[in-house]
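**Q** Sharing a structure below in structure tokens format, with a few things to ask.
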Amino acid sequence: MKTKKIVVLGSTNTDMVITGKKIPVPGETILGGRFLLNPGGKGANQAVAVARLSAKKGACSFIAKVGDDVFGRETLSRLKKDGITPRLIVDKKEPSGTALIMVDQKGQNIISVALGANGTLCPKDVEPFKKEIEQSALLLMQLETPIKTVEWAAKAANKAKVTVILNPAPACKLPASLYKLIDWITPNETEAEILTGVKVTDAKSAQKATEVFKKRGVKHVIITMGTKGCWCGDCQKLYPCRKVKAIDCVAAGDTFNGAFAVALAEGKSCSEAVDFAQKAAAISVTRPGAQSSVPTRKEIK
Ligand code: RIB
């Protein structure tokens, strides 16, 4: 029997962030920044978004791999605090994932990730949780864990008629067999271009990229386009985003994806799900950090 649970499979990182006036160019040193140590990782950020934005507690399980270190232990306690069921595998050799992030005055960022244990998450690690995936309402994944594991989990979900959302971030070439297992793909405009070869700048080009994804077997396409809004391939519409003063866009996409997954799992239409996700993402960019910026369901209302 299916549960209402959403399973997130993905990465967990500790973000080392410097916020400053501008992002230095190679060879340049800039003083005056502020340092923060934040919980992050696209997978964990999306799991936190699912947990905080769900109507009920205990709606999210998170499958990930950490190192046998302080960051890994921190991850476990933080996930529990958010009411997430942690399914963490411990790698005895690799350290937990870390990310170096710089954020400028406009809230723009650059990110460099050392995957560590995230990079060794293999199908054998996930096998004990196969039943949980098969019984869930929805499986949400990104690309900071090995593609073979993403494909293995997508196959299990697809066979059990569980909705699969792939947020292809960061983008890289995907096997043709994976596309056929995806119900919803949710790239941003850069990722859509890397994956389809179509430069996405407006509704027309977003539609073109949508057609490429659909030819490959993806059922539904959403393209997040920053301040331009969000393209929904089903509605063939570019939904404008809310005007807010952005101070930090780290994890805006993750918040969008977690919120979108929650709304879909609740049986909302794609336009309602986009609206819910855009509201959540708009709040997140007004706050610093990754998981620290994710709003609760109450705040959306
Ligand atoms: O999407 C934002 C996330 O990307 C950060 O939290 C960082 O850890 C990287 O995974």
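All residue names refer to the structure tokens as shown: chains lettered A, B, ... in order, residues numbered from 1 in each chain, ligands numbered from 1 in order.
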Based on DSSP run over this structure's backbone, return all residues of stretch 197-268 of chain A in strand (DSSP E or B), as a VMD selection string.
**A** chain A and resid 220 to 224 230 to 232 237 to 239
**Q** Would you mind writing down, as a list in words, each residue of stretch 168-224 of chain A that DSSP on the backbone assigns to helix (DSSP H, G or I)?
**A** Ala176, Ser177, Leu178, Tyr179, Glu189, Thr190, Glu191, Ala192, Glu193, Ile194, Leu195, Thr196, Ala203, Lys204, Ser205, Ala206, Gln207, Lys208, Ala209, Thr210, Glu211, Val212, Phe213, Lys214 and Lys215 of chain A
**Q** Name each residue within 9 Å of ligand 1, counting only C-alpha atoms and all ligand atoms, as JSON, numbers by chain.
**A** {"A": [11, 12, 13, 14, 15, 16, 38, 39, 40, 41, 42, 43, 44, 45, 46, 97, 98, 99, 100, 101, 111, 112, 113, 115, 144, 169, 170, 249, 250, 251, 252, 253, 254, 255, 289, 290, 291]}
**Q** Just write the chosen residues, N, CA, C and O atoms, as a tab-separated table (two decimals), in the first residue's frame.
**A**
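The result, stored in result10.tsv:
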```
chain	number	residue	atom	x	y	z
A	11	SER	N	22.18	14.48	-1.89
A	11	SER	CA	23.40	14.87	-1.18
A	11	SER	C	23.11	15.61	0.11
A	11	SER	O	22.04	16.22	0.28
A	12	THR	N	24.09	15.58	1.00
A	12	THR	CA	24.06	16.47	2.15
A	12	THR	C	25.46	17.06	2.29
A	12	THR	O	26.45	16.33	2.22
A	13	ASN	N	25.54	18.37	2.41
A	13	ASN	CA	26.83	19.06	2.53
A	13	ASN	C	26.84	19.99	3.72
A	13	ASN	O	25.78	20.40	4.21
A	14	THR	N	28.04	20.36	4.15
A	14	THR	CA	28.16	21.48	5.06
A	14	THR	C	28.67	22.65	4.21
A	14	THR	O	29.69	22.53	3.53
A	15	ASP	N	27.90	23.73	4.21
A	15	ASP	CA	28.26	24.90	3.38
A	15	ASP	C	29.13	25.86	4.16
A	15	ASP	O	28.76	26.30	5.27
A	16	MET	N	30.29	26.19	3.60
A	16	MET	CA	31.14	27.22	4.19
A	16	MET	C	30.97	28.45	3.32
A	16	MET	O	31.39	28.45	2.17
A	38	ASN	N	26.96	26.62	7.32
A	38	ASN	CA	25.52	26.31	7.21
A	38	ASN	C	25.27	24.88	6.75
A	38	ASN	O	26.02	24.36	5.93
A	39	PRO	N	24.18	24.27	7.21
A	39	PRO	CA	23.80	22.99	6.63
A	39	PRO	C	23.29	23.18	5.20
A	39	PRO	O	22.53	24.11	4.93
A	40	GLY	N	23.75	22.33	4.29
A	40	GLY	CA	23.33	22.45	2.89
A	40	GLY	C	23.36	21.13	2.16
A	40	GLY	O	23.24	20.07	2.78
A	41	GLY	N	23.59	21.21	0.86
A	41	GLY	CA	23.51	20.01	-0.01
A	41	GLY	C	22.15	20.00	-0.66
A	41	GLY	O	21.13	20.15	0.03
A	42	LYS	N	22.13	19.83	-1.98
A	42	LYS	CA	20.83	19.94	-2.68
A	42	LYS	C	19.81	18.94	-2.16
A	42	LYS	O	18.63	19.25	-2.00
A	43	GLY	N	20.26	17.71	-1.88
A	43	GLY	CA	19.33	16.70	-1.39
A	43	GLY	C	18.76	17.07	-0.04
A	43	GLY	O	17.53	17.07	0.16
A	44	ALA	N	19.64	17.40	0.89
A	44	ALA	CA	19.20	17.74	2.26
A	44	ALA	C	18.33	19.00	2.24
A	44	ALA	O	17.32	19.08	2.96
A	45	ASN	N	18.71	19.98	1.43
A	45	ASN	CA	17.90	21.21	1.36
A	45	ASN	C	16.48	20.89	0.88
A	45	ASN	O	15.49	21.41	1.40
A	46	GLN	N	16.39	20.01	-0.11
A	46	GLN	CA	15.06	19.66	-0.65
A	46	GLN	C	14.27	18.84	0.36
A	46	GLN	O	13.05	18.99	0.49
A	97	GLY	N	30.22	15.48	2.68
A	97	GLY	CA	30.29	16.48	1.62
A	97	GLY	C	30.42	17.90	2.17
A	97	GLY	O	29.87	18.22	3.22
A	98	THR	N	31.17	18.71	1.44
A	98	THR	CA	31.29	20.13	1.83
A	98	THR	C	31.15	21.01	0.58
A	98	THR	O	31.44	20.56	-0.53
A	99	ALA	N	30.73	22.24	0.80
A	99	ALA	CA	30.62	23.18	-0.31
A	99	ALA	C	31.22	24.52	0.10
A	99	ALA	O	31.00	24.98	1.23
A	100	LEU	N	32.00	25.11	-0.79
A	100	LEU	CA	32.49	26.48	-0.57
A	100	LEU	C	31.62	27.41	-1.39
A	100	LEU	O	31.47	27.21	-2.60
A	101	ILE	N	31.05	28.37	-0.72
A	101	ILE	CA	30.07	29.26	-1.39
A	101	ILE	C	30.43	30.72	-1.18
A	101	ILE	O	30.87	31.11	-0.10
A	111	ILE	N	29.34	28.31	-6.29
A	111	ILE	CA	29.43	27.16	-5.38
A	111	ILE	C	30.42	26.14	-5.93
A	111	ILE	O	30.37	25.81	-7.11
A	112	SER	N	31.30	25.65	-5.07
A	112	SER	CA	32.19	24.55	-5.45
A	112	SER	C	32.00	23.44	-4.42
A	112	SER	O	32.10	23.68	-3.21
A	113	VAL	N	31.71	22.24	-4.89
A	113	VAL	CA	31.36	21.14	-3.97
A	113	VAL	C	32.44	20.05	-3.97
A	113	VAL	O	32.90	19.63	-5.02
A	115	LEU	N	32.32	16.43	-3.11
A	115	LEU	CA	31.23	15.46	-2.84
A	115	LEU	C	31.50	14.53	-1.67
A	115	LEU	O	30.58	14.16	-0.94
A	144	GLU	N	23.77	15.33	-7.32
A	144	GLU	CA	25.02	15.41	-6.55
A	144	GLU	C	25.39	14.02	-5.99
A	144	GLU	O	26.24	13.92	-5.12
A	169	ALA	N	20.37	18.96	-11.18
A	169	ALA	CA	21.33	19.97	-10.72
A	169	ALA	C	22.41	19.30	-9.87
A	169	ALA	O	22.05	18.55	-8.95
A	170	PRO	N	23.69	19.54	-10.15
A	170	PRO	CA	24.19	20.26	-11.32
A	170	PRO	C	24.05	19.39	-12.57
A	170	PRO	O	24.16	18.17	-12.48
A	249	CYS	N	20.46	33.80	-2.89
A	249	CYS	CA	19.66	32.86	-3.70
A	249	CYS	C	20.09	31.40	-3.51
A	249	CYS	O	19.57	30.51	-4.20
A	250	VAL	N	21.02	31.12	-2.57
A	250	VAL	CA	21.43	29.74	-2.33
A	250	VAL	C	20.20	28.94	-1.88
A	250	VAL	O	19.47	29.37	-0.98
A	251	ALA	N	19.98	27.80	-2.53
A	251	ALA	CA	18.88	26.88	-2.19
A	251	ALA	C	17.48	27.37	-2.60
A	251	ALA	O	16.48	26.77	-2.21
A	252	ALA	N	17.41	28.42	-3.41
A	252	ALA	CA	16.09	28.86	-3.90
A	252	ALA	C	15.50	27.74	-4.77
A	252	ALA	O	14.32	27.40	-4.66
A	253	GLY	N	16.34	27.16	-5.62
A	253	GLY	CA	15.90	26.05	-6.48
A	253	GLY	C	15.50	24.84	-5.64
A	253	GLY	O	14.53	24.15	-5.96
A	254	ASP	N	16.25	24.58	-4.59
A	254	ASP	CA	15.94	23.43	-3.73
A	254	ASP	C	14.60	23.64	-3.03
A	254	ASP	O	13.79	22.71	-2.91
A	255	THR	N	14.38	24.87	-2.57
A	255	THR	CA	13.10	25.18	-1.90
A	255	THR	C	11.95	24.99	-2.89
A	255	THR	O	10.92	24.41	-2.57
A	289	GLY	N	21.54	31.82	3.76
A	289	GLY	CA	21.79	30.40	3.98
A	289	GLY	C	20.93	29.49	3.11
A	289	GLY	O	20.08	29.95	2.34
A	290	ALA	N	21.18	28.19	3.26
A	290	ALA	CA	20.44	27.20	2.48
A	290	ALA	C	19.23	26.73	3.28
A	290	ALA	O	18.14	27.30	3.16
A	291	GLN	N	19.42	25.75	4.17
A	291	GLN	CA	18.27	25.24	4.94
A	291	GLN	C	17.68	26.30	5.86
A	291	GLN	O	16.48	26.29	6.15
```
**Q** Measure the distance from atom CA of A:Lys199 to atom CA of A:His220 in Å and round it to one decimal.
**A** 18.9 Å
**Q** Counting only C-alpha atoms, what is within 6 Å of A:Val7, bar same-chain residues fewer than 2 positions away, as number ranges by chain?
**A** A: 60-62, 139
**Q** Put those residues in a file: C-alpha atoms, as a JSON list (two decimals), in the first residue's frame.
**A**
```json
[["chain", "number", "residue", "atom", "x", "y", "z"],
["A", 60, "CYS", "CA", 9.71, 12.95, 4.43],
["A", 61, "SER", "CA", 12.44, 10.29, 4.38],
["A", 62, "PHE", "CA", 15.91, 11.25, 3.24],
["A", 139, "LEU", "CA", 10.64, 10.19, -5.19]]
```
**Q** Pick out the closest residue to A:Pro95 from this set: A:Gly107, A:Gly116, A:Gly83, A:Pro128. Count only C-alpha atoms.
**A**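 Between A:Gly107, A:Gly116, A:Gly83, A:Pro128, the residue approaching A:Pro95 most closely is A:Gly116.
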**Q** Fewer than 6 positions away in the same chain doesn't count, so skip those; otherwise give me all residues within 12 Å of A:Pro295, counting only C-alpha atoms, as a VMD selection string.
**A** chain A and resid 45 to 46 48 to 54 82 251 to 252 254 to 256 258 to 259 276 to 289 301
**Q** When you look at A:Pro86 with a cut-off of 10 Å (counting only C-alpha atoms), what residues show up, excluding the ones that are within fewer than 2 positions of it in the same chain? I need them as JSON, numbers by chain.
**A** {"A": [47, 60, 61, 62, 63, 64, 75, 76, 77, 78, 79, 80, 83, 84, 88, 89]}
**Q** Tell me which protein, DNA and RNA residues are within 7 Å of stretch 230-235 of chain A, counting only C-alpha atoms, leaving out same-chain ones fewer than 4 positions away, and put them as number ranges by chain.
**A** A: 203, 206-207, 210, 220-225, 239-240
**Q** Output C-alpha atoms for every residue in the selection just made, as a PDB file, in the first residue's frame.
**A**
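This went into part04.pdb:
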```pdb
ATOM      1  CA  ALA A 203       8.710  31.055 -23.333  1.00  0.00           C
ATOM      2  CA  ALA A 206      11.576  26.978 -23.056  1.00  0.00           C
ATOM      3  CA  GLN A 207       8.927  25.274 -25.218  1.00  0.00           C
ATOM      4  CA  THR A 210      10.482  20.996 -23.423  1.00  0.00           C
ATOM      5  CA  HIS A 220       6.375  16.706 -17.736  1.00  0.00           C
ATOM      6  CA  VAL A 221       8.785  19.654 -17.867  1.00  0.00           C
ATOM      7  CA  ILE A 222       9.212  22.613 -15.519  1.00  0.00           C
ATOM      8  CA  ILE A 223      12.002  25.138 -16.172  1.00  0.00           C
ATOM      9  CA  THR A 224      12.839  27.628 -13.441  1.00  0.00           C
ATOM     10  CA  MET A 225      14.075  30.860 -14.995  1.00  0.00           C
ATOM     11  CA  TYR A 239       4.509  32.057 -14.714  1.00  0.00           C
ATOM     12  CA  PRO A 240       6.031  35.362 -13.508  1.00  0.00           C
TER      13      PRO A 240
END
```
**Q** Of the candidates A:Arg242, A:Lys124, A:Lys93, A:Lys268, which shows the shortest atom-to-atom distance to A:Val66, using only C-alpha atoms?
**A**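 Comparing A:Arg242, A:Lys124, A:Lys93, A:Lys268 against A:Val66, the winner is A:Lys93.
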**Q** Identify, on the basis of only C-alpha atoms, every residue whose closest approach to A:Leu138 does not exceed 12 Å; exclude the query and any residue fewer than 6 positions from it along the same chain; express the result as JSON, numbers by chain.
**A** {"A": [2, 3, 4, 5, 6, 7, 8, 9, 50, 59, 60, 61, 132, 153, 154, 156, 157, 158, 160, 161, 162, 163, 164, 165, 166, 182, 183, 184, 258, 260, 261, 262, 263, 264, 265, 266, 267]}
**Q** Include N, CA, C and O atoms and write out the residues we just selected as a short mmCIF file (atom, residue, chain, number, x, y, z; two decimals), in the first residue's frame.
**A**
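And here is the file that came out, selection-v1.cif:
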```cif
data_model
loop_
_atom_site.label_atom_id
_atom_site.label_comp_id
_atom_site.auth_asym_id
_atom_site.auth_seq_id
_atom_site.Cartn_x
_atom_site.Cartn_y
_atom_site.Cartn_z
N LYS A 2 0.45 2.26 -0.78
CA LYS A 2 1.24 3.49 -0.86
C LYS A 2 1.04 4.35 0.39
O LYS A 2 -0.05 4.44 0.92
N THR A 3 2.14 4.98 0.85
CA THR A 3 2.03 5.94 1.95
C THR A 3 1.96 7.33 1.31
O THR A 3 2.13 7.47 0.11
N LYS A 4 1.75 8.34 2.12
CA LYS A 4 1.73 9.71 1.57
C LYS A 4 3.15 10.29 1.60
O LYS A 4 3.36 11.46 1.33
N LYS A 5 4.11 9.45 1.96
CA LYS A 5 5.47 9.94 2.17
C LYS A 5 6.18 10.36 0.88
O LYS A 5 5.95 9.78 -0.17
N ILE A 6 7.05 11.34 1.02
CA ILE A 6 7.94 11.71 -0.08
C ILE A 6 9.33 11.23 0.30
O ILE A 6 9.80 11.51 1.41
N VAL A 7 9.97 10.49 -0.60
CA VAL A 7 11.34 10.08 -0.34
C VAL A 7 12.26 10.99 -1.16
O VAL A 7 12.07 11.17 -2.36
N VAL A 8 13.23 11.59 -0.47
CA VAL A 8 14.25 12.39 -1.16
C VAL A 8 15.53 11.58 -1.12
O VAL A 8 15.92 11.07 -0.07
N LEU A 9 16.16 11.42 -2.27
CA LEU A 9 17.46 10.75 -2.33
C LEU A 9 18.45 11.76 -2.87
O LEU A 9 18.21 12.36 -3.92
N VAL A 50 10.67 19.79 1.91
CA VAL A 50 9.51 18.88 1.94
C VAL A 50 8.95 18.80 3.36
O VAL A 50 7.75 18.93 3.58
N ALA A 59 6.48 13.55 6.99
CA ALA A 59 6.12 13.26 5.60
C ALA A 59 7.33 12.95 4.72
O ALA A 59 7.17 12.62 3.55
N CYS A 60 8.53 13.07 5.29
CA CYS A 60 9.71 12.95 4.43
C CYS A 60 10.76 11.99 4.96
O CYS A 60 11.12 12.03 6.15
N SER A 61 11.26 11.13 4.07
CA SER A 61 12.44 10.29 4.38
C SER A 61 13.57 10.77 3.49
O SER A 61 13.33 11.12 2.33
N GLU A 132 10.60 1.20 0.89
CA GLU A 132 10.12 2.52 1.30
C GLU A 132 9.90 3.41 0.06
O GLU A 132 8.93 4.15 -0.01
N ALA A 153 17.27 3.99 -8.45
CA ALA A 153 16.12 4.38 -7.62
C ALA A 153 14.93 4.77 -8.50
O ALA A 153 13.78 4.43 -8.18
N ALA A 154 15.22 5.46 -9.60
CA ALA A 154 14.14 5.87 -10.53
C ALA A 154 13.46 4.63 -11.10
O ALA A 154 12.23 4.60 -11.25
N ALA A 156 13.22 1.63 -9.70
CA ALA A 156 12.41 1.00 -8.64
C ALA A 156 11.09 1.77 -8.47
O ALA A 156 10.01 1.17 -8.38
N ALA A 157 11.19 3.10 -8.45
CA ALA A 157 10.00 3.94 -8.26
C ALA A 157 9.05 3.79 -9.44
O ALA A 157 7.84 3.59 -9.27
N ASN A 158 9.62 3.89 -10.63
CA ASN A 158 8.82 3.83 -11.85
C ASN A 158 8.05 2.51 -11.95
O ASN A 158 6.87 2.49 -12.29
N ALA A 160 7.06 0.73 -9.55
CA ALA A 160 6.01 0.70 -8.53
C ALA A 160 4.99 1.83 -8.73
O ALA A 160 4.16 2.09 -7.85
N LYS A 161 5.07 2.51 -9.87
CA LYS A 161 4.16 3.63 -10.21
C LYS A 161 4.24 4.78 -9.21
O LYS A 161 3.24 5.41 -8.85
N VAL A 162 5.44 5.01 -8.73
CA VAL A 162 5.69 6.15 -7.83
C VAL A 162 6.19 7.31 -8.70
O VAL A 162 7.07 7.11 -9.55
N THR A 163 5.64 8.50 -8.50
CA THR A 163 6.05 9.67 -9.29
C THR A 163 7.53 10.00 -9.04
O THR A 163 7.97 10.08 -7.90
N VAL A 164 8.27 10.19 -10.14
CA VAL A 164 9.70 10.52 -10.02
C VAL A 164 9.93 11.96 -10.49
O VAL A 164 9.59 12.32 -11.62
N ILE A 165 10.50 12.78 -9.58
CA ILE A 165 10.92 14.13 -9.98
C ILE A 165 12.44 14.14 -9.98
O ILE A 165 13.08 13.78 -8.98
N LEU A 166 13.02 14.56 -11.11
CA LEU A 166 14.47 14.75 -11.14
C LEU A 166 14.77 16.22 -11.32
O LEU A 166 14.38 16.84 -12.31
N ILE A 182 11.57 9.33 -15.89
CA ILE A 182 11.28 10.59 -15.18
C ILE A 182 9.87 11.10 -15.48
O ILE A 182 9.49 11.27 -16.64
N ASP A 183 9.11 11.36 -14.42
CA ASP A 183 7.79 11.97 -14.61
C ASP A 183 7.93 13.48 -14.79
O ASP A 183 7.37 14.06 -15.70
N TRP A 184 8.68 14.10 -13.87
CA TRP A 184 8.86 15.56 -13.93
C TRP A 184 10.35 15.87 -13.91
O TRP A 184 11.06 15.40 -13.02
N GLY A 258 11.37 21.17 -3.43
CA GLY A 258 10.73 20.53 -2.27
C GLY A 258 9.25 20.90 -2.20
O GLY A 258 8.37 20.06 -2.01
N PHE A 260 7.35 22.06 -4.66
CA PHE A 260 6.64 21.53 -5.82
C PHE A 260 6.27 20.07 -5.59
O PHE A 260 5.15 19.64 -5.87
N ALA A 261 7.22 19.31 -5.02
CA ALA A 261 6.97 17.89 -4.72
C ALA A 261 5.82 17.74 -3.72
O ALA A 261 4.94 16.88 -3.90
N VAL A 262 5.82 18.57 -2.69
CA VAL A 262 4.76 18.51 -1.67
C VAL A 262 3.39 18.74 -2.33
O VAL A 262 2.44 17.98 -2.12
N ALA A 263 3.31 19.79 -3.13
CA ALA A 263 2.03 20.13 -3.76
C ALA A 263 1.56 19.03 -4.72
O ALA A 263 0.38 18.67 -4.73
N LEU A 264 2.49 18.48 -5.50
CA LEU A 264 2.10 17.39 -6.43
C LEU A 264 1.60 16.18 -5.65
O LEU A 264 0.59 15.57 -6.01
N ALA A 265 2.33 15.84 -4.58
CA ALA A 265 1.94 14.67 -3.77
C ALA A 265 0.57 14.88 -3.12
O ALA A 265 -0.12 13.92 -2.79
N GLU A 266 0.18 16.14 -2.94
CA GLU A 266 -1.14 16.43 -2.37
C GLU A 266 -2.23 16.43 -3.44
O GLU A 266 -3.39 16.72 -3.16
N GLY A 267 -1.83 16.16 -4.67
CA GLY A 267 -2.81 16.06 -5.76
C GLY A 267 -3.15 17.40 -6.41
O GLY A 267 -4.12 17.52 -7.15
#
```
**Q** Expressed in Å to a single decimal, how great is the separation between atom CA of A:Lys245 and atom CA of A:Lys228?
**A**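 One can read the atom CA of A:Lys245 to atom CA of A:Lys228 distance as 14.6 Å.
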**Q** Atom CA of A:Lys173 and atom CA of A:Trp152 are how many Å apart?
**A** 16.5 Å
**Q** My list of candidates is A:Lys106, A:Lys159, A:Lys65, A:Lys22. Which is closest to A:Asp125 when distances are computed with only C-alpha atoms?
**A**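 Answer, going by the shortest atom-to-atom distance: A:Lys65.
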